[in-house]
Every structure is written in structure tokens, then in C-alpha cells.
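**Q** To start, I am sharing the structure in question, which I have written as C-alpha cells.
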Amino acid sequence: MLKYEWIYSQLLAQIQTGALQSGSKLPSIRQLTQQFSCSKSTILTSLKKLEDQHLIYALPKSGYYVVDHQLPYQPQLNEYIDFATSSPSWHAFPYKDFQHCINKAIDTYQADLFRYGTPKGLPSLITEAKKLLTNYQLFTKEENIFITSGVQQSLSLLSIMPFPNGRSTILVEQPSYHLYMDYLKTYGLPAIGIKRTSDGIDLHELESIFSKHNIKFFYTMPRLHNPLGTSYSKKEKDAIRNLAYKYDVYIVEDDYLADFEQNHKMDPLFTDDSQAHVIYLKSFSKIMFPGLRIGLAVLPDVFIDTFQQYKNTTDIDSSMISQAALELYLKSGMFERYQKKVSEAYAIRANRLQQAITTHLAEYQASTEVCMHSHIILPKQVNINKLIQHLTQRNIFLDTIYRNYLDEFYYERILKLNVSNVEESKIDTGIKEIAQALNNPNHYF
């Protein structure tokens, strides 16, 4: 081992054991040369390595200080099986690759970090986003793309801003994305629901609602619905679009799992929108990580000025560092390679989930589509809360369906299943435990 590497390892050990705490000042270079009996250049090489790893930082004419003494968290194998959490499996993300992009972004966009950002988002990221969207058969102009702080910001702005049709009521599938349901309920916005099942929605009911109610827009997840895990067929999507045209209702399409679609012939509603009535939303939360807080909104021309105005009053811009890092991640090809890898891994989990449901829960109505989200319909006599409580004691975590519905809408007896955070080898075991619990008469009213 070279001398500077040995000195580096000694200082690293002091930082990691807490002998040198966060904010602590390291001994001076002169003191270190005396302590380790070496030259000044050897000490500087050791310190440079610690600085490159963001463990210490230098203050001119003062010395070197510890940034953080804590060890990076190492993922542990869990004893529990978590069917409730829908966030991505964090330890699968290539942090080193993205760290390169963050560091490069800081170097490249130093001056921009001291400005308030751009109204629509970082222009170079919008350019890369336009290229990315073509992979989903979504073709648009750069001026129609907005960078938002996740899909939630887009939904919030669209819900409160005026629409060209002059209407105010929002139509949502039931069940639907729980955080958006929370938003509608918290702010008391006018909203009604339409039932969605494994078989889709009743198109006659949809037309009746469009014709009789003051519908501003229809919020839908056509692809890999959360929490049902189902998708609309092309025929259904065509019918929904045509009804929207007929009754001048806009469609807000949440394509949050576009990156995991295995059927490349499955296009978004936006693809065949001939009358500019579809607003397309995409998130990076599932394919990358929620903390990135970056989403895309693709808007028809008629919405651009109003959306811009409302966005300016709520958020000057999304994080410039996140935007710049994501731009480099896309441009470098890292995103494409990672997307392929993680999509294949999640497809394996989704297939394992579907196989386990077919094997152990065959008597229950369930989704047959291969997706990380799935569900089964429980008999009326099952006490869902008691069932979930029992399985929690067995280290199997499940979530109720209540938050996925509007308060006044009748909710189905749905047991949600998500394998985003379940180890592949444990999926069958967890579903088998659920099946056994359902066979226990103690979990019935």
C-alpha cells in the first residue's frame, strides 16, 4: 500500500468511527506531516482523496473540516414482506452514476444555480425530454413541455386553473391515485367519480357523466393503473377520446409507469389526440427516485400561457441541480441503460406476483395484467382491517383502499398488492400467507 493510501485509510477510520465528528477540524498539514512522518505532498494527496469523496472540505487559510462522519447506509435484508409501499426499491439505483451527473451539473451550471431558474424548466432538459418522449410514441414541440416538481404539482395547477371549456368539476376514476384524492378532499374541489374495475369503465356511464355534469377534465391512468394494475385497450382509449371531443371535456393522462410498459404497441392517449384535448403527465419517481421531484407536463397550445401564469405564482422553478443532473443523465445514455435494466427486473417481479395470485388466490376476482400493482376483490364478509392487522403481525404489510376513493364514493373491497419493494424470492411466500389468512374464519365478520 502506498503511503498516501495508508494515511487516507487512517483518517477515514477516524471519520467513520466518529473520532472526527461532523464539523471537526483536522490537524494542520504541518501536524499531519509530523504525525505520519511524510512529505507535505503526500498529506495533500491523502486529503484530496477524502475531499473527492465529499468527506472533508477545505476553508482557505483555515484548514480542512469534516463534512459528515456517518457511514453510508447499507441495505439490509428485511424480515418483513412489504406489499404496501409503492416507491421504488432504492438500493437498486446506480448512485455513483447519478452522483457524477450531479457533480458535473454543479460544475457546468455554476452561474445558473445563483439565478431563480427558468419559467418552464431548464431549456437543455426540455430538449432531452422531447427526445425521451418519442420513446413513448409521444411527439410534441419543446414549447409545449413544462418541467414540474413532480406530477403532483401539475395536478395541483390543473385543478385550480381555469380551462377553455369554462367548467369546474373534475371526474376521477374510482379507485385512483391516493395523493390526488387527498388533494381534492383537502381543498374541497368539486369532483365526482366513475367506477373502474379490471374490466375498465362503463363507457355509457362515462358519456352520461360527460353530458349531464359540468366536467372540466377527466383524470385517468390508462396504462398500468394505480392501484388496480390494469390498462385500457386501444378500443377503449379511442372511445374515451371521442367522447371527450364530443362533449368538450379535457383528459389529464397520468402515465406514471410508462417506463415499465412491456407491450411496445401500447401507446398513450396523447399519441392519437387529433383535437388537442389530452394533457400528458409523466413522472420520474418510479423509474428513478421520488426525491428527484421532477415531472413532465405536455400541454396543448391553448393551456401554455395560463399554466405558466399559475406555475409562476406557486413555484419559480423546480430544483436547478435536479434538472441539470437529470439532463446529463439522459444525454449521456445512463438513463436508457438503467431504464432497461430496472424495467426487466421489475417485469420479473410482476410476473412472479401474477403467478402467485394465480396459484394461491385463484378463487378471487383479480387483475390478470402483468404489473407491479395488482389487486384482488374480497368477499363482503371479510373484515379487511382485521385481516391486515393479522398479516402485519406476520410481518406482511398491506394498505387499505380507503384513501384511493373520494369520501362519498362507494369503495370496493379491494386488497392492494404492490411488489416494488418485495424481494423476488419472497413474493410467493407473501401471497401464500395472505391466502392462508383469508381461509381463517377469525378474519370474517
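We name chains A, B, ... following the order of the C-alpha cells; residues begin at 1 in each chain, and ligands are numbered from 1 as shown.
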Can you pull out the residues contacting Asp248 (chain A)? Cut-off 7 Å, using only C-alpha atoms, and skip same-chain residues under 3 positions away; I want them as a list in words.
**A**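 The residues satisfying every condition are Asn165, Ala244 and Tyr245 of chain A.
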**Q** Would you mind writing down, as an NGL selection string, each residue of region 93-278 of chain A that DSSP on the backbone assigns to helix (DSSP H, G or I)?
**A** :A and (95-108 or 111-114 or 123-134 or 142-144 or 150-160 or 178-186 or 203-212 or 234-247 or 258-260 or 269-272)
**Q** For C-alpha atoms, I'd like the residues from the last selection saved as a PDB file, in the first residue's frame.
**A**
```pdb
ATOM      1  CA  TYR A  95     -25.974   6.264  -7.159  1.00  0.00           C
ATOM      2  CA  LYS A  96     -22.395   6.617  -8.397  1.00  0.00           C
ATOM      3  CA  ASP A  97     -23.571   7.273 -11.957  1.00  0.00           C
ATOM      4  CA  PHE A  98     -26.050   9.909 -10.845  1.00  0.00           C
ATOM      5  CA  GLN A  99     -23.501  11.442  -8.484  1.00  0.00           C
ATOM      6  CA  HIS A 100     -21.245  12.031 -11.494  1.00  0.00           C
ATOM      7  CA  CYS A 101     -24.133  13.866 -13.148  1.00  0.00           C
ATOM      8  CA  ILE A 102     -24.786  15.995 -10.051  1.00  0.00           C
ATOM      9  CA  ASN A 103     -21.114  16.956  -9.716  1.00  0.00           C
ATOM     10  CA  LYS A 104     -20.857  17.713 -13.425  1.00  0.00           C
ATOM     11  CA  ALA A 105     -24.092  19.712 -13.283  1.00  0.00           C
ATOM     12  CA  ILE A 106     -22.708  21.875 -10.466  1.00  0.00           C
ATOM     13  CA  ASP A 107     -19.533  22.476 -12.468  1.00  0.00           C
ATOM     14  CA  THR A 108     -21.392  23.194 -15.713  1.00  0.00           C
ATOM     15  CA  ALA A 111     -23.841  30.625 -12.532  1.00  0.00           C
ATOM     16  CA  ASP A 112     -27.372  29.274 -13.094  1.00  0.00           C
ATOM     17  CA  LEU A 113     -27.534  27.996  -9.518  1.00  0.00           C
ATOM     18  CA  PHE A 114     -27.498  31.609  -8.335  1.00  0.00           C
ATOM     19  CA  PRO A 123     -34.143  24.512 -21.687  1.00  0.00           C
ATOM     20  CA  SER A 124     -31.492  21.838 -22.228  1.00  0.00           C
ATOM     21  CA  LEU A 125     -33.527  19.389 -20.108  1.00  0.00           C
ATOM     22  CA  ILE A 126     -36.646  20.175 -22.132  1.00  0.00           C
ATOM     23  CA  THR A 127     -34.669  19.316 -25.280  1.00  0.00           C
ATOM     24  CA  GLU A 128     -33.676  15.947 -23.805  1.00  0.00           C
ATOM     25  CA  ALA A 129     -37.229  15.376 -22.534  1.00  0.00           C
ATOM     26  CA  LYS A 130     -38.604  15.884 -26.036  1.00  0.00           C
ATOM     27  CA  LYS A 131     -36.262  13.144 -27.301  1.00  0.00           C
ATOM     28  CA  LEU A 132     -37.223  10.836 -24.413  1.00  0.00           C
ATOM     29  CA  LEU A 133     -40.943  11.264 -25.044  1.00  0.00           C
ATOM     30  CA  THR A 134     -40.589   9.918 -28.579  1.00  0.00           C
ATOM     31  CA  GLU A 142     -40.448  21.923 -26.908  1.00  0.00           C
ATOM     32  CA  GLU A 143     -42.674  24.916 -26.175  1.00  0.00           C
ATOM     33  CA  ASN A 144     -45.447  22.513 -25.068  1.00  0.00           C
ATOM     34  CA  GLY A 150     -43.333  16.018  -9.782  1.00  0.00           C
ATOM     35  CA  VAL A 151     -46.731  15.091 -11.208  1.00  0.00           C
ATOM     36  CA  GLN A 152     -48.405  16.378  -8.048  1.00  0.00           C
ATOM     37  CA  GLN A 153     -47.538  19.975  -8.932  1.00  0.00           C
ATOM     38  CA  SER A 154     -49.041  19.535 -12.390  1.00  0.00           C
ATOM     39  CA  LEU A 155     -52.226  18.072 -10.925  1.00  0.00           C
ATOM     40  CA  SER A 156     -52.459  20.878  -8.389  1.00  0.00           C
ATOM     41  CA  LEU A 157     -52.120  23.597 -11.034  1.00  0.00           C
ATOM     42  CA  LEU A 158     -54.518  21.956 -13.477  1.00  0.00           C
ATOM     43  CA  SER A 159     -57.104  21.506 -10.740  1.00  0.00           C
ATOM     44  CA  ILE A 160     -57.265  25.182  -9.798  1.00  0.00           C
ATOM     45  CA  HIS A 178     -54.439   8.338  -3.312  1.00  0.00           C
ATOM     46  CA  LEU A 179     -52.432  11.577  -3.036  1.00  0.00           C
ATOM     47  CA  TYR A 180     -54.578  13.240  -5.672  1.00  0.00           C
ATOM     48  CA  MET A 181     -57.711  12.059  -3.885  1.00  0.00           C
ATOM     49  CA  ASP A 182     -56.263  13.584  -0.707  1.00  0.00           C
ATOM     50  CA  TYR A 183     -55.647  16.842  -2.577  1.00  0.00           C
ATOM     51  CA  LEU A 184     -59.200  17.063  -3.906  1.00  0.00           C
ATOM     52  CA  LYS A 185     -60.649  16.347  -0.470  1.00  0.00           C
ATOM     53  CA  THR A 186     -58.304  18.696   1.399  1.00  0.00           C
ATOM     54  CA  LEU A 203     -68.409   3.894 -21.464  1.00  0.00           C
ATOM     55  CA  HIS A 204     -72.171   4.518 -21.413  1.00  0.00           C
ATOM     56  CA  GLU A 205     -71.848   5.848 -17.863  1.00  0.00           C
ATOM     57  CA  LEU A 206     -68.878   7.973 -18.959  1.00  0.00           C
ATOM     58  CA  GLU A 207     -70.952   9.541 -21.738  1.00  0.00           C
ATOM     59  CA  SER A 208     -73.814  10.140 -19.340  1.00  0.00           C
ATOM     60  CA  ILE A 209     -71.497  11.938 -16.898  1.00  0.00           C
ATOM     61  CA  PHE A 210     -69.902  13.995 -19.682  1.00  0.00           C
ATOM     62  CA  SER A 211     -73.316  15.048 -20.970  1.00  0.00           C
ATOM     63  CA  LYS A 212     -75.030  15.795 -17.658  1.00  0.00           C
ATOM     64  CA  LYS A 234     -56.841   0.737 -27.781  1.00  0.00           C
ATOM     65  CA  LYS A 235     -60.556   0.490 -28.455  1.00  0.00           C
ATOM     66  CA  GLU A 236     -61.364   1.888 -25.015  1.00  0.00           C
ATOM     67  CA  LYS A 237     -58.851   4.716 -25.375  1.00  0.00           C
ATOM     68  CA  ASP A 238     -60.279   5.666 -28.760  1.00  0.00           C
ATOM     69  CA  ALA A 239     -63.786   5.701 -27.289  1.00  0.00           C
ATOM     70  CA  ILE A 240     -62.743   7.850 -24.317  1.00  0.00           C
ATOM     71  CA  ARG A 241     -61.050  10.369 -26.598  1.00  0.00           C
ATOM     72  CA  ASN A 242     -64.035  10.565 -28.929  1.00  0.00           C
ATOM     73  CA  LEU A 243     -66.408  11.182 -26.033  1.00  0.00           C
ATOM     74  CA  ALA A 244     -64.086  13.912 -24.760  1.00  0.00           C
ATOM     75  CA  TYR A 245     -64.205  15.590 -28.165  1.00  0.00           C
ATOM     76  CA  LYS A 246     -67.980  15.245 -28.400  1.00  0.00           C
ATOM     77  CA  TYR A 247     -68.646  16.890 -25.026  1.00  0.00           C
ATOM     78  CA  ALA A 258     -44.601   4.432 -18.875  1.00  0.00           C
ATOM     79  CA  ASP A 259     -41.025   3.232 -18.333  1.00  0.00           C
ATOM     80  CA  PHE A 260     -42.215  -0.227 -17.266  1.00  0.00           C
ATOM     81  CA  LEU A 269     -53.963   8.527 -25.145  1.00  0.00           C
ATOM     82  CA  PHE A 270     -51.950  11.559 -26.204  1.00  0.00           C
ATOM     83  CA  THR A 271     -50.469   9.764 -29.239  1.00  0.00           C
ATOM     84  CA  ASP A 272     -53.696   9.796 -31.269  1.00  0.00           C
TER      85      ASP A 272
END
```
**Q** Can you check which parts of region 13-122 of chain A lie within 6 Å of region 410-426 of chain A? Per residue, the shortest pair of atoms and distance in Å to one decimal, counting only C-alpha atoms, sorted by chain and number, as JSON lines.
**A**
```
{"residue": "A:Ile81", "atom": "CA", "partner": "A:Val422", "partner_atom": "CA", "distance": 6.0}
{"residue": "A:Asp82", "atom": "CA", "partner": "A:Val422", "partner_atom": "CA", "distance": 5.8}
{"residue": "A:Phe83", "atom": "CA", "partner": "A:Asn418", "partner_atom": "CA", "distance": 4.8}
{"residue": "A:Ser86", "atom": "CA", "partner": "A:Ser420", "partner_atom": "CA", "distance": 5.7}
{"residue": "A:Pro88", "atom": "CA", "partner": "A:Ser420", "partner_atom": "CA", "distance": 5.5}
{"residue": "A:Ser89", "atom": "CA", "partner": "A:Asn421", "partner_atom": "CA", "distance": 5.2}
```
**Q** Quick one: write out the picked residues with C-alpha atoms as a PDB file, in the first residue's frame?
**A**
```pdb
ATOM      1  CA  ILE A  81     -42.710  -8.527   3.153  1.00  0.00           C
ATOM      2  CA  ASP A  82     -43.978  -5.112   2.125  1.00  0.00           C
ATOM      3  CA  PHE A  83     -46.931  -5.182  -0.303  1.00  0.00           C
ATOM      4  CA  SER A  86     -45.238   1.713  -3.946  1.00  0.00           C
ATOM      5  CA  PRO A  88     -39.109   2.175  -5.985  1.00  0.00           C
ATOM      6  CA  SER A  89     -36.555  -0.133  -4.413  1.00  0.00           C
TER       7      SER A  89
END
```
**Q** Counting only C-alpha atoms, what are the residues of region 116-229 of chain A within 12 Å of region 354-374 of chain A, and for each of them which pair of atoms is the nearest and at what distance in Å, to one decimal? Sort the table by chain and rising number, as a Markdown table.
**A**
```
| residue | atom | partner | partner_atom | distance |
| --- | --- | --- | --- | --- |
| A:Thr197 | CA | A:Ser367 | CA | 8.8 |
| A:Ser198 | CA | A:Ser367 | CA | 5.7 |
| A:Asp199 | CA | A:Ser367 | CA | 8.9 |
| A:Gly200 | CA | A:Ser367 | CA | 10.9 |
| A:Arg223 | CA | A:Cys371 | CA | 10.0 |
| A:Leu224 | CA | A:Cys371 | CA | 6.6 |
| A:His225 | CA | A:His373 | CA | 7.7 |
| A:Asn226 | CA | A:His373 | CA | 6.6 |
| A:Pro227 | CA | A:His373 | CA | 5.9 |
| A:Leu228 | CA | A:Ser374 | CA | 5.3 |
| A:Gly229 | CA | A:His373 | CA | 4.5 |
```
**Q** Only N, CA and C atoms, please: the residues just picked out, written as a short mmCIF file (atom, residue, chain, number, x, y, z; two decimals), in the first residue's frame.
**A**
```cif
data_model
loop_
_atom_site.label_atom_id
_atom_site.label_comp_id
_atom_site.auth_asym_id
_atom_site.auth_seq_id
_atom_site.Cartn_x
_atom_site.Cartn_y
_atom_site.Cartn_z
N THR A 197 -62.85 -0.93 -12.88
CA THR A 197 -62.58 -2.29 -12.42
C THR A 197 -61.56 -2.94 -13.34
N SER A 198 -61.33 -4.22 -13.14
CA SER A 198 -60.44 -4.97 -14.03
C SER A 198 -60.93 -4.95 -15.46
N ASP A 199 -62.25 -4.74 -15.63
CA ASP A 199 -62.84 -4.70 -16.98
C ASP A 199 -62.88 -3.29 -17.55
N GLY A 200 -62.29 -2.31 -16.85
CA GLY A 200 -62.28 -0.94 -17.35
C GLY A 200 -63.39 -0.09 -16.75
N ARG A 223 -52.66 3.51 -18.52
CA ARG A 223 -51.66 2.45 -18.55
C ARG A 223 -51.24 2.07 -17.11
N LEU A 224 -51.38 0.77 -16.78
CA LEU A 224 -50.89 0.24 -15.50
C LEU A 224 -51.40 1.07 -14.32
N HIS A 225 -52.70 1.09 -14.21
CA HIS A 225 -53.42 1.91 -13.24
C HIS A 225 -52.97 1.65 -11.80
N ASN A 226 -52.92 2.72 -11.03
CA ASN A 226 -52.64 2.63 -9.59
C ASN A 226 -53.94 2.90 -8.83
N PRO A 227 -54.48 1.91 -8.08
CA PRO A 227 -53.80 0.71 -7.60
C PRO A 227 -54.18 -0.59 -8.31
N LEU A 228 -55.01 -0.55 -9.33
CA LEU A 228 -55.56 -1.79 -9.89
C LEU A 228 -54.54 -2.58 -10.71
N GLY A 229 -53.62 -1.88 -11.38
CA GLY A 229 -52.63 -2.56 -12.21
C GLY A 229 -53.15 -2.95 -13.57
#
```
**Q** DSSP on the backbone, then: every residue of region 16-229 of chain A marked strand (DSSP E or B), written as an mmCIF file with N, CA and C atoms, in the first residue's frame.
**A**
```cif
data_model
loop_
_atom_site.group_PDB
_atom_site.id
_atom_site.type_symbol
_atom_site.label_atom_id
_atom_site.label_comp_id
_atom_site.auth_asym_id
_atom_site.auth_seq_id
_atom_site.Cartn_x
_atom_site.Cartn_y
_atom_site.Cartn_z
ATOM 1 N N LYS A 25 -12.363 20.062 12.898
ATOM 2 C CA LYS A 25 -11.213 20.475 12.099
ATOM 3 C C LYS A 25 -10.123 19.420 12.182
ATOM 4 N N ILE A 56 -14.531 15.533 3.521
ATOM 5 C CA ILE A 56 -13.986 16.731 4.142
ATOM 6 C C ILE A 56 -14.085 17.883 3.148
ATOM 7 N N TYR A 57 -13.942 19.108 3.663
ATOM 8 C CA TYR A 57 -13.903 20.274 2.788
ATOM 9 C C TYR A 57 -12.840 21.231 3.309
ATOM 10 N N ALA A 58 -12.336 22.075 2.417
ATOM 11 C CA ALA A 58 -11.248 22.995 2.772
ATOM 12 C C ALA A 58 -11.765 24.423 2.890
ATOM 13 N N LEU A 59 -11.289 25.129 3.905
ATOM 14 C CA LEU A 59 -11.528 26.567 4.031
ATOM 15 C C LEU A 59 -10.195 27.282 3.865
ATOM 16 N N GLY A 63 -8.051 25.609 7.038
ATOM 17 C CA GLY A 63 -7.751 24.191 7.157
ATOM 18 C C GLY A 63 -8.846 23.315 6.589
ATOM 19 N N TYR A 64 -8.818 22.038 6.969
ATOM 20 C CA TYR A 64 -9.775 21.056 6.470
ATOM 21 C C TYR A 64 -10.748 20.662 7.584
ATOM 22 N N TYR A 65 -12.021 20.472 7.195
ATOM 23 C CA TYR A 65 -13.075 20.148 8.152
ATOM 24 C C TYR A 65 -13.870 18.942 7.667
ATOM 25 N N VAL A 66 -14.454 18.207 8.619
ATOM 26 C CA VAL A 66 -15.241 17.018 8.295
ATOM 27 C C VAL A 66 -16.638 17.431 7.857
ATOM 28 N N ILE A 81 -42.340 -8.546 4.571
ATOM 29 C CA ILE A 81 -42.710 -8.527 3.153
ATOM 30 C C ILE A 81 -43.677 -7.368 2.974
ATOM 31 N N ASP A 82 -43.248 -6.370 2.206
ATOM 32 C CA ASP A 82 -43.978 -5.112 2.125
ATOM 33 C C ASP A 82 -44.744 -5.004 0.806
ATOM 34 N N ILE A 145 -43.755 21.612 -23.549
ATOM 35 C CA ILE A 145 -43.256 20.813 -22.433
ATOM 36 C C ILE A 145 -42.907 21.713 -21.253
ATOM 37 N N PHE A 146 -43.415 21.361 -20.074
ATOM 38 C CA PHE A 146 -43.071 22.048 -18.831
ATOM 39 C C PHE A 146 -42.391 21.054 -17.895
ATOM 40 N N ILE A 147 -41.361 21.533 -17.196
ATOM 41 C CA ILE A 147 -40.753 20.752 -16.124
ATOM 42 C C ILE A 147 -41.449 21.159 -14.831
ATOM 43 N N THR A 148 -41.942 20.194 -14.094
ATOM 44 C CA THR A 148 -42.662 20.481 -12.848
ATOM 45 C C THR A 148 -42.029 19.744 -11.683
ATOM 46 N N THR A 169 -65.917 20.981 -12.561
ATOM 47 C CA THR A 169 -65.958 19.674 -11.896
ATOM 48 C C THR A 169 -64.927 18.720 -12.503
ATOM 49 N N ILE A 170 -64.214 18.044 -11.624
ATOM 50 C CA ILE A 170 -63.188 17.089 -12.044
ATOM 51 C C ILE A 170 -63.739 15.680 -11.922
ATOM 52 N N LEU A 171 -63.580 14.887 -12.966
ATOM 53 C CA LEU A 171 -64.016 13.487 -12.950
ATOM 54 C C LEU A 171 -62.789 12.608 -12.736
ATOM 55 N N VAL A 172 -62.877 11.692 -11.773
ATOM 56 C CA VAL A 172 -61.748 10.811 -11.463
ATOM 57 C C VAL A 172 -62.208 9.361 -11.436
ATOM 58 N N GLU A 173 -61.341 8.483 -11.870
ATOM 59 C CA GLU A 173 -61.619 7.043 -11.747
ATOM 60 C C GLU A 173 -61.638 6.673 -10.272
ATOM 61 N N GLN A 174 -62.429 5.677 -9.957
ATOM 62 C CA GLN A 174 -62.516 5.188 -8.583
ATOM 63 C C GLN A 174 -62.307 3.681 -8.565
ATOM 64 N N ALA A 191 -65.531 17.432 -7.336
ATOM 65 C CA ALA A 191 -65.071 16.220 -8.025
ATOM 66 C C ALA A 191 -66.101 15.119 -7.870
ATOM 67 N N ILE A 192 -66.251 14.332 -8.924
ATOM 68 C CA ILE A 192 -67.104 13.150 -8.877
ATOM 69 C C ILE A 192 -66.325 11.972 -9.442
ATOM 70 N N GLY A 193 -66.804 10.777 -9.168
ATOM 71 C CA GLY A 193 -66.064 9.588 -9.579
ATOM 72 C C GLY A 193 -66.829 8.720 -10.556
ATOM 73 N N ILE A 194 -66.063 7.878 -11.252
ATOM 74 C CA ILE A 194 -66.626 6.840 -12.111
ATOM 75 C C ILE A 194 -65.907 5.541 -11.775
ATOM 76 N N LYS A 195 -66.668 4.494 -11.605
ATOM 77 C CA LYS A 195 -66.111 3.219 -11.181
ATOM 78 C C LYS A 195 -65.204 2.621 -12.255
ATOM 79 N N ARG A 196 -64.018 2.185 -11.825
ATOM 80 C CA ARG A 196 -63.118 1.449 -12.709
ATOM 81 C C ARG A 196 -62.798 0.104 -12.078
ATOM 82 N N THR A 197 -62.848 -0.934 -12.880
ATOM 83 C CA THR A 197 -62.580 -2.293 -12.419
ATOM 84 C C THR A 197 -61.558 -2.939 -13.338
ATOM 85 N N GLY A 200 -62.291 -2.308 -16.850
ATOM 86 C CA GLY A 200 -62.276 -0.940 -17.348
ATOM 87 C C GLY A 200 -63.386 -0.095 -16.753
ATOM 88 N N ILE A 201 -63.932 0.823 -17.549
ATOM 89 C CA ILE A 201 -65.044 1.659 -17.109
ATOM 90 C C ILE A 201 -66.230 1.448 -18.044
ATOM 91 N N ILE A 215 -68.189 18.895 -16.437
ATOM 92 C CA ILE A 215 -66.873 18.277 -16.316
ATOM 93 C C ILE A 215 -65.784 19.118 -16.972
ATOM 94 N N LYS A 216 -64.837 19.517 -16.160
ATOM 95 C CA LYS A 216 -63.672 20.286 -16.605
ATOM 96 C C LYS A 216 -62.659 19.360 -17.281
ATOM 97 N N PHE A 217 -62.259 18.318 -16.545
ATOM 98 C CA PHE A 217 -61.378 17.310 -17.144
ATOM 99 C C PHE A 217 -61.582 15.963 -16.468
ATOM 100 N N PHE A 218 -61.169 14.926 -17.173
ATOM 101 C CA PHE A 218 -61.242 13.550 -16.695
ATOM 102 C C PHE A 218 -59.820 13.100 -16.396
ATOM 103 N N TYR A 219 -59.522 12.846 -15.109
ATOM 104 C CA TYR A 219 -58.197 12.377 -14.701
ATOM 105 C C TYR A 219 -58.160 10.855 -14.785
ATOM 106 N N THR A 220 -57.206 10.341 -15.572
ATOM 107 C CA THR A 220 -57.161 8.900 -15.795
ATOM 108 C C THR A 220 -55.738 8.388 -15.876
#
```
**Q** Can you tell me how far CA of Tyr405 (chain A) sits from CA of Pro290 (chain A), in Å to one decimal?
**A**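 Interatomic distance here is 22.7 Å.
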**Q** Choose the residue, out of A:Tyr4, A:Ser149, A:Ile279, A:Gln308, that has the smallest atom-to-atom separation from Leu292 (chain A); count only C-alpha atoms.
**A** A:Ser149
